[in-house]
file coords.pdb (PDB, C-alpha atoms, pLDDT in the B column)
ATOM      1  CA  MET I 384      86.239  -1.789  -7.149  1.00 50.00           C
ATOM      2  CA  MET I 385      85.562   1.183  -9.367  1.00 53.00           C
ATOM      3  CA  ALA I 386      82.045   1.421 -10.695  1.00 54.00           C
ATOM      4  CA  GLU I 387      81.782   0.900 -14.417  1.00 56.00           C
ATOM      5  CA  GLN I 388      81.833   4.155 -16.348  1.00 59.00           C
ATOM      6  CA  GLY I 389      78.650   5.389 -17.937  1.00 69.00           C
ATOM      7  CA  LYS I 390      75.160   4.266 -17.095  1.00 84.00           C
ATOM      8  CA  LYS I 391      74.243   3.607 -13.503  1.00 92.00           C
ATOM      9  CA  LYS I 392      73.755  -0.050 -12.648  1.00 97.00           C
ATOM     10  CA  LYS I 393      70.271  -1.033 -11.540  1.00 98.00           C
ATOM     11  CA  ILE I 394      68.966  -3.510  -8.998  1.00 98.00           C
ATOM     12  CA  LEU I 395      65.327  -4.542  -8.786  1.00 98.00           C
ATOM     13  CA  TYR I 396      63.936  -6.117  -5.631  1.00 98.00           C
ATOM     14  CA  VAL I 397      60.624  -7.969  -5.975  1.00 98.00           C
ATOM     15  CA  GLN I 398      58.653  -8.331  -2.747  1.00 98.00           C
ATOM     16  CA  THR I 399      55.964 -10.998  -2.892  1.00 98.00           C
ATOM     17  CA  SER I 400      55.764 -11.559   0.868  1.00 98.00           C
ATOM     18  CA  GLY I 401      53.233  -9.661   2.926  1.00 97.00           C
ATOM     19  CA  VAL I 402      52.568  -8.406   6.428  1.00 97.00           C
ATOM     20  CA  ASP I 403      51.930 -11.958   7.664  1.00 97.00           C
ATOM     21  CA  THR I 404      55.679 -12.672   7.322  1.00 98.00           C
ATOM     22  CA  PRO I 405      57.239  -9.569   8.937  1.00 97.00           C
ATOM     23  CA  GLU I 406      60.736 -11.089   9.005  1.00 97.00           C
ATOM     24  CA  ARG I 407      60.771 -10.956   5.192  1.00 97.00           C
ATOM     25  CA  LEU I 408      59.928  -7.257   4.961  1.00 98.00           C
ATOM     26  CA  TYR I 409      63.063  -5.441   6.096  1.00 98.00           C
ATOM     27  CA  ALA I 410      65.668  -6.777   3.690  1.00 98.00           C
ATOM     28  CA  PRO I 411      64.462  -5.182   0.427  1.00 98.00           C
ATOM     29  CA  PHE I 412      64.294  -1.717   1.995  1.00 98.00           C
ATOM     30  CA  ILE I 413      67.684  -2.039   3.663  1.00 97.00           C
ATOM     31  CA  LEU I 414      69.368  -3.486   0.567  1.00 98.00           C
ATOM     32  CA  ALA I 415      67.809  -0.867  -1.710  1.00 98.00           C
ATOM     33  CA  THR I 416      68.811   2.002   0.581  1.00 97.00           C
ATOM     34  CA  THR I 417      72.347   0.598   0.605  1.00 97.00           C
ATOM     35  CA  ALA I 418      72.280   0.300  -3.191  1.00 97.00           C
ATOM     36  CA  ARG I 419      71.532   4.022  -3.422  1.00 96.00           C
ATOM     37  CA  ALA I 420      74.501   4.727  -1.140  1.00 95.00           C
ATOM     38  CA  MET I 421      76.572   2.672  -3.617  1.00 94.00           C
ATOM     39  CA  ASP I 422      75.339   5.014  -6.364  1.00 95.00           C
ATOM     40  CA  LEU I 423      73.151   2.343  -7.928  1.00 97.00           C
ATOM     41  CA  ASP I 424      69.567   2.732  -9.079  1.00 98.00           C
ATOM     42  CA  ALA I 425      67.223   0.715  -6.901  1.00 98.00           C
ATOM     43  CA  SER I 426      63.547  -0.159  -7.239  1.00 98.00           C
ATOM     44  CA  ILE I 427      61.234  -2.355  -5.208  1.00 98.00           C
ATOM     45  CA  TYR I 428      58.193  -3.893  -6.888  1.00 98.00           C
ATOM     46  CA  PHE I 429      55.448  -5.110  -4.548  1.00 98.00           C
ATOM     47  CA  LEU I 430      53.602  -8.018  -6.069  1.00 97.00           C
ATOM     48  CA  ILE I 431      50.905 -10.462  -4.877  1.00 96.00           C
ATOM     49  CA  LYS I 432      50.825 -10.289  -1.044  1.00 96.00           C
ATOM     50  CA  GLY I 433      53.697  -7.811  -1.166  1.00 97.00           C
ATOM     51  CA  VAL I 434      51.242  -4.956  -1.717  1.00 97.00           C
ATOM     52  CA  THR I 435      50.034  -5.347   1.881  1.00 97.00           C
ATOM     53  CA  VAL I 436      53.380  -3.838   2.970  1.00 98.00           C
ATOM     54  CA  VAL I 437      52.661  -0.544   1.175  1.00 98.00           C
ATOM     55  CA  LYS I 438      49.075  -0.322   2.347  1.00 97.00           C
ATOM     56  CA  ARG I 439      48.653   2.935   4.212  1.00 96.00           C
ATOM     57  CA  GLY I 440      49.010   2.410   7.945  1.00 96.00           C
ATOM     58  CA  ALA I 441      50.317  -1.178   7.763  1.00 96.00           C
ATOM     59  CA  ALA I 442      54.101  -0.769   7.987  1.00 97.00           C
ATOM     60  CA  GLU I 443      53.894   1.440  11.073  1.00 97.00           C
ATOM     61  CA  LYS I 444      52.499  -1.491  13.034  1.00 97.00           C
ATOM     62  CA  ILE I 445      55.331  -3.888  12.182  1.00 97.00           C
ATOM     63  CA  ARG I 446      58.442  -3.859  14.306  1.00 97.00           C
ATOM     64  CA  LEU I 447      60.678  -6.845  15.086  1.00 96.00           C
ATOM     65  CA  GLY I 448      63.161  -7.076  17.957  1.00 93.00           C
ATOM     66  CA  ASN I 449      65.391  -4.025  18.170  1.00 93.00           C
ATOM     67  CA  PHE I 450      64.674  -2.999  14.591  1.00 94.00           C
ATOM     68  CA  PRO I 451      62.932   0.226  13.703  1.00 96.00           C
ATOM     69  CA  SER I 452      59.420  -0.150  12.310  1.00 97.00           C
ATOM     70  CA  VAL I 453      59.044  -1.261   8.699  1.00 98.00           C
ATOM     71  CA  ARG I 454      57.623   2.202   8.011  1.00 98.00           C
ATOM     72  CA  GLU I 455      60.872   3.766   9.187  1.00 98.00           C
ATOM     73  CA  VAL I 456      63.017   1.655   6.851  1.00 98.00           C
ATOM     74  CA  MET I 457      60.528   2.337   4.033  1.00 98.00           C
ATOM     75  CA  ASP I 458      60.847   6.088   4.622  1.00 98.00           C
ATOM     76  CA  GLN I 459      64.651   5.803   4.616  1.00 98.00           C
ATOM     77  CA  ALA I 460      64.441   4.023   1.254  1.00 98.00           C
ATOM     78  CA  LEU I 461      62.115   6.660  -0.203  1.00 98.00           C
ATOM     79  CA  LYS I 462      64.362   9.434   1.090  1.00 98.00           C
ATOM     80  CA  ALA I 463      67.384   7.732  -0.483  1.00 97.00           C
ATOM     81  CA  GLY I 464      65.645   7.768  -3.863  1.00 98.00           C
ATOM     82  CA  VAL I 465      64.483   4.173  -4.087  1.00 98.00           C
ATOM     83  CA  SER I 466      61.482   3.806  -6.434  1.00 98.00           C
ATOM     84  CA  LEU I 467      58.566   1.848  -5.001  1.00 98.00           C
ATOM     85  CA  TYR I 468      55.967   0.263  -7.271  1.00 97.00           C
ATOM     86  CA  ALA I 469      52.750  -1.538  -6.359  1.00 97.00           C
ATOM     87  CA  CYS I 470      51.059  -3.981  -8.738  1.00 96.00           C
ATOM     88  CA  THR I 471      47.526  -2.797  -9.544  1.00 94.00           C
ATOM     89  CA  GLN I 472      46.043  -6.218 -10.034  1.00 94.00           C
ATOM     90  CA  SER I 473      47.549  -7.453  -6.765  1.00 95.00           C
ATOM     91  CA  CYS I 474      45.882  -4.488  -5.022  1.00 95.00           C
ATOM     92  CA  ASP I 475      42.557  -5.464  -6.588  1.00 92.00           C
ATOM     93  CA  LEU I 476      43.102  -9.062  -5.561  1.00 91.00           C
ATOM     94  CA  ILE I 477      43.212  -8.133  -1.895  1.00 90.00           C
ATOM     95  CA  GLY I 478      40.659  -5.307  -2.138  1.00 91.00           C
ATOM     96  CA  MET I 479      43.028  -2.345  -1.864  1.00 89.00           C
ATOM     97  CA  SER I 480      42.401   0.838  -3.826  1.00 84.00           C
ATOM     98  CA  LYS I 481      45.015   3.232  -5.180  1.00 76.00           C
ATOM     99  CA  GLY I 482      44.144   5.644  -2.375  1.00 83.00           C
ATOM    100  CA  ASP I 483      45.126   2.994   0.194  1.00 93.00           C
ATOM    101  CA  LEU I 484      48.793   3.174  -0.811  1.00 96.00           C
ATOM    102  CA  VAL I 485      51.564   4.920   1.104  1.00 97.00           C
ATOM    103  CA  GLU I 486      52.393   8.271  -0.471  1.00 95.00           C
ATOM    104  CA  GLY I 487      55.293   7.994  -2.902  1.00 96.00           C
ATOM    105  CA  VAL I 488      54.434   4.476  -4.083  1.00 96.00           C
ATOM    106  CA  LYS I 489      53.768   4.324  -7.811  1.00 95.00           C
ATOM    107  CA  VAL I 490      51.037   2.155  -9.257  1.00 93.00           C
ATOM    108  CA  ALA I 491      52.318  -0.115 -11.990  1.00 94.00           C
ATOM    109  CA  GLY I 492      51.324  -3.061 -14.108  1.00 96.00           C
ATOM    110  CA  ALA I 493      52.517  -6.106 -15.943  1.00 97.00           C
ATOM    111  CA  ALA I 494      54.459  -4.327 -18.678  1.00 97.00           C
ATOM    112  CA  THR I 495      56.280  -2.250 -16.084  1.00 97.00           C
ATOM    113  CA  VAL I 496      57.469  -5.198 -13.998  1.00 97.00           C
ATOM    114  CA  ASN I 497      58.619  -7.085 -17.095  1.00 97.00           C
ATOM    115  CA  ASP I 498      60.490  -4.012 -18.264  1.00 97.00           C
ATOM    116  CA  LEU I 499      62.036  -3.384 -14.829  1.00 97.00           C
ATOM    117  CA  VAL I 500      63.323  -6.972 -14.753  1.00 98.00           C
ATOM    118  CA  LEU I 501      64.896  -6.618 -18.198  1.00 97.00           C
ATOM    119  CA  GLU I 502      66.491  -3.245 -17.523  1.00 96.00           C
ATOM    120  CA  ALA I 503      67.923  -4.302 -14.145  1.00 98.00           C
ATOM    121  CA  ASP I 504      71.463  -5.634 -13.884  1.00 98.00           C
ATOM    122  CA  GLY I 505      70.307  -7.831 -11.044  1.00 98.00           C
ATOM    123  CA  VAL I 506      66.971  -8.931  -9.590  1.00 98.00           C
ATOM    124  CA  LEU I 507      66.358 -10.239  -6.059  1.00 98.00           C
ATOM    125  CA  TYR I 508      63.102 -11.863  -5.005  1.00 97.00           C
ATOM    126  CA  PHE I 509      61.685 -11.942  -1.491  1.00 97.00           C
TER
ATOM    127  CA  MET J 109      47.952   9.869 -39.926  1.00 88.00           C
ATOM    128  CA  GLU J 110      46.659   9.441 -36.415  1.00 92.00           C
ATOM    129  CA  ARG J 111      44.389   6.782 -34.987  1.00 95.00           C
ATOM    130  CA  GLU J 112      42.738   7.032 -31.578  1.00 97.00           C
ATOM    131  CA  VAL J 113      41.821   4.064 -29.436  1.00 98.00           C
ATOM    132  CA  ASP J 114      39.709   4.338 -26.305  1.00 98.00           C
ATOM    133  CA  LEU J 115      40.789   1.736 -23.741  1.00 98.00           C
ATOM    134  CA  THR J 116      38.984   3.235 -20.764  1.00 98.00           C
ATOM    135  CA  GLY J 117      37.447   0.590 -18.547  1.00 97.00           C
ATOM    136  CA  LEU J 118      40.157  -1.953 -19.342  1.00 97.00           C
ATOM    137  CA  TYR J 119      42.584  -3.071 -16.678  1.00 93.00           C
ATOM    138  CA  CYS J 120      46.124  -4.431 -16.648  1.00 94.00           C
ATOM    139  CA  PRO J 121      47.334  -6.056 -18.821  1.00 96.00           C
ATOM    140  CA  LEU J 122      44.572  -5.396 -21.366  1.00 96.00           C
ATOM    141  CA  PRO J 123      45.543  -1.815 -22.267  1.00 97.00           C
ATOM    142  CA  VAL J 124      48.972  -3.064 -23.369  1.00 97.00           C
ATOM    143  CA  ILE J 125      47.541  -6.086 -25.210  1.00 96.00           C
ATOM    144  CA  ARG J 126      45.027  -3.890 -27.051  1.00 97.00           C
ATOM    145  CA  ALA J 127      47.609  -1.193 -27.799  1.00 97.00           C
ATOM    146  CA  ARG J 128      49.762  -3.850 -29.429  1.00 97.00           C
ATOM    147  CA  GLU J 129      46.840  -4.969 -31.620  1.00 97.00           C
ATOM    148  CA  GLU J 130      45.985  -1.399 -32.550  1.00 97.00           C
ATOM    149  CA  ILE J 131      49.515  -0.332 -33.459  1.00 97.00           C
ATOM    150  CA  ASN J 132      49.664  -3.197 -35.920  1.00 96.00           C
ATOM    151  CA  ARG J 133      46.681  -1.625 -37.708  1.00 97.00           C
ATOM    152  CA  ILE J 134      48.489   1.615 -38.515  1.00 97.00           C
ATOM    153  CA  ALA J 135      51.350   2.222 -40.926  1.00 97.00           C
ATOM    154  CA  VAL J 136      54.947   2.643 -39.816  1.00 98.00           C
ATOM    155  CA  GLY J 137      55.443   6.355 -39.146  1.00 98.00           C
ATOM    156  CA  ASP J 138      51.811   6.900 -38.172  1.00 98.00           C
ATOM    157  CA  VAL J 139      50.680   7.757 -34.679  1.00 98.00           C
ATOM    158  CA  LEU J 140      48.420   5.933 -32.226  1.00 98.00           C
ATOM    159  CA  ARG J 141      46.679   8.000 -29.548  1.00 98.00           C
ATOM    160  CA  ILE J 142      45.841   5.691 -26.662  1.00 98.00           C
ATOM    161  CA  VAL J 143      43.313   6.779 -24.030  1.00 98.00           C
ATOM    162  CA  ALA J 144      43.020   4.717 -20.839  1.00 98.00           C
ATOM    163  CA  ASP J 145      42.037   5.028 -17.198  1.00 96.00           C
ATOM    164  CA  ASP J 146      43.772   2.060 -15.589  1.00 95.00           C
ATOM    165  CA  PRO J 147      46.115   3.616 -13.004  1.00 93.00           C
ATOM    166  CA  ALA J 148      48.902   1.323 -14.258  1.00 94.00           C
ATOM    167  CA  ALA J 149      48.399   2.229 -17.910  1.00 96.00           C
ATOM    168  CA  GLU J 150      50.554   5.307 -18.268  1.00 95.00           C
ATOM    169  CA  GLU J 151      53.817   3.733 -17.188  1.00 95.00           C
ATOM    170  CA  ASP J 152      52.897   0.367 -18.711  1.00 96.00           C
ATOM    171  CA  LEU J 153      52.095   1.857 -22.117  1.00 97.00           C
ATOM    172  CA  LYS J 154      55.237   3.987 -22.193  1.00 97.00           C
ATOM    173  CA  ARG J 155      57.424   1.033 -21.278  1.00 97.00           C
ATOM    174  CA  TRP J 156      55.609  -1.249 -23.725  1.00 97.00           C
ATOM    175  CA  ALA J 157      56.140   1.286 -26.525  1.00 97.00           C
ATOM    176  CA  VAL J 158      59.847   1.795 -25.902  1.00 97.00           C
ATOM    177  CA  ARG J 159      60.505  -1.907 -25.309  1.00 96.00           C
ATOM    178  CA  SER J 160      58.684  -2.712 -28.558  1.00 96.00           C
ATOM    179  CA  GLY J 161      60.867  -0.285 -30.491  1.00 97.00           C
ATOM    180  CA  HIS J 162      58.275   2.447 -30.976  1.00 98.00           C
ATOM    181  CA  GLU J 163      58.496   6.093 -29.955  1.00 98.00           C
ATOM    182  CA  VAL J 164      56.480   7.833 -27.249  1.00 98.00           C
ATOM    183  CA  VAL J 165      55.759  11.262 -28.718  1.00 98.00           C
ATOM    184  CA  GLY J 166      53.481  12.566 -26.014  1.00 97.00           C
ATOM    185  CA  ALA J 167      51.599  11.847 -22.820  1.00 97.00           C
ATOM    186  CA  SER J 168      49.024  13.747 -20.814  1.00 97.00           C
ATOM    187  CA  LYS J 169      46.684  13.235 -17.924  1.00 96.00           C
ATOM    188  CA  SER J 170      43.257  14.642 -17.181  1.00 97.00           C
ATOM    189  CA  GLY J 171      41.867  13.392 -13.900  1.00 95.00           C
ATOM    190  CA  GLU J 172      41.939   9.609 -14.066  1.00 94.00           C
ATOM    191  CA  VAL J 173      42.198   9.535 -17.837  1.00 97.00           C
ATOM    192  CA  ILE J 174      45.614   9.322 -19.436  1.00 97.00           C
ATOM    193  CA  THR J 175      46.616   9.704 -23.047  1.00 98.00           C
ATOM    194  CA  VAL J 176      49.813   8.226 -24.450  1.00 98.00           C
ATOM    195  CA  ILE J 177      50.762   9.005 -28.035  1.00 98.00           C
ATOM    196  CA  VAL J 178      52.988   6.469 -29.769  1.00 98.00           C
ATOM    197  CA  ARG J 179      54.563   6.572 -33.215  1.00 98.00           C
ATOM    198  CA  ARG J 180      54.875   3.192 -34.899  1.00 98.00           C
ATOM    199  CA  LYS J 181      58.529   2.784 -35.800  1.00 97.00           C
ATOM    200  CA  LYS J 182      58.670  -0.691 -37.295  1.00 94.00           C
TER
END

call {"tool": "encode", "arguments": {"input": "coords.pdb", "output": "structure tokens"}}
result
Amino acid sequence: MMAEQGKKKKILYVQTSGVDTPERLYAPFILATTARAMDLDASIYFLIKGVTVVKRGAAEKIRLGNFPSVREVMDQALKAGVSLYACTQSCDLIGMSKGDLVEGVKVAGAATVNDLVLEADGVLYF
Amino acid sequence: MEREVDLTGLYCPLPVIRAREEINRIAVGDVLRIVADDPAAEEDLKRWAVRSGHEVVGASKSGEVITVIVRRKK
């Protein structure tokens, strides 16, 4: 199907699961990287326990089965132009500072996530 | 006319809540200069302003402190 003319469609993925559920961590990165290949805008917002995934040094340690590490799929997503956002208050909640975040992850707040949801053509929650 | 509001020390979502209160205190067409140091504030304030139908006329950053300048449009 031909993409609609004009503005790029947007998908927002919201990750609320953390490093304690590694099987839930791959899909947003893989879907978002694929979205970019489909010429869509893609963002992932890490909320609540989700921020543990973008804590510096965490994703490297997670690898399931024959999959690459979560850090590798995260880097593929960043390279593909996926925007990553981490909720400030969620970071505070679990005692993470801004300096603890993986490079390339933007710090964002409540107005940003509300706005991202409204501007997206589709939102998926993990 | 320009009004400045210092929201340093306030964290998400308070900068946005306070900015909303402050913009209602200025006239349509006037400008609100918002100063904050919450790391989420810059993007939050810009998105709040546009979503609320106002205009972001400027933004700057000095260390941890950000300034977002918004013109009240309605």

call {"tool": "resolve_selection", "arguments": {"input": "coords.pdb", "expression": "the PyMOL selection byres ((chain I) within 9 of (chain J))", "output": "PyMOL selection string"}}
result
chain I and resi 470-472+481+489-496+498

call {"tool": "atom_distance", "arguments": {"input": "coords.pdb", "atom1": "CA of Arg454 in chain I", "atom2": "CA of Gly440 in chain I"}}
result
8.6 Å

call {"tool": "residues_around", "arguments": {"input": "coords.pdb", "residues": "His162 in chain J", "least_positions_apart": "5", "cutoff": "12 Å", "atoms": "all atoms listed in the file", "output": "list in words"}}
result
Ala127, Arg128, Ile131, Asn132, Val136, Gly137, Asp138, Val139, Leu140, Leu153, Lys154, Arg155, Trp156, Ala157, Ile177, Val178, Arg179, Arg180, Lys181 and Lys182 of chain J

call {"tool": "resolve_selection", "arguments": {"input": "coords.pdb", "expression": "the PyMOL selection byres ((chain I and resi 402-418) around 10)", "output": "number ranges by chain"}}
result
I: 392-401, 419-428, 432-438, 441-442, 444-447, 450-467, 507-509

call {"tool": "residues_around", "arguments": {"input": "coords.pdb", "residues": "Arg126 in chain J", "least_positions_apart": "6", "cutoff": "10 Å", "atoms": "all atoms listed in the file", "output": "PyMOL selection string"}}
result
chain J and resi 113-115+118+142

call {"tool": "closest_residue", "arguments": {"input": "coords.pdb", "among": "J:Ile174, J:Ile134, J:Val165, J:Ala144", "to": "Arg111 in chain J", "atoms": "only C-alpha atoms"}}
result
J:Ile134

call {"tool": "atom_distance", "arguments": {"input": "coords.pdb", "atom1": "CA of Leu476 in chain I", "atom2": "CA of Arg439 in chain I"}}
result
16.4 Å

call {"tool": "atom_distance", "arguments": {"input": "coords.pdb", "atom1": "CA of Val485 in chain I", "atom2": "CA of Glu443 in chain I"}}
result
10.8 Å

call {"tool": "resolve_selection", "arguments": {"input": "coords.pdb", "expression": "the PyMOL selection byres ((chain J and resi 173) around 7)", "output": "list of chain:residue names"}}
result
J:Val143, J:Ala144, J:Asp145, J:Lys169, J:Ser170, J:Gly171, J:Glu172, J:Ile174, J:Thr175
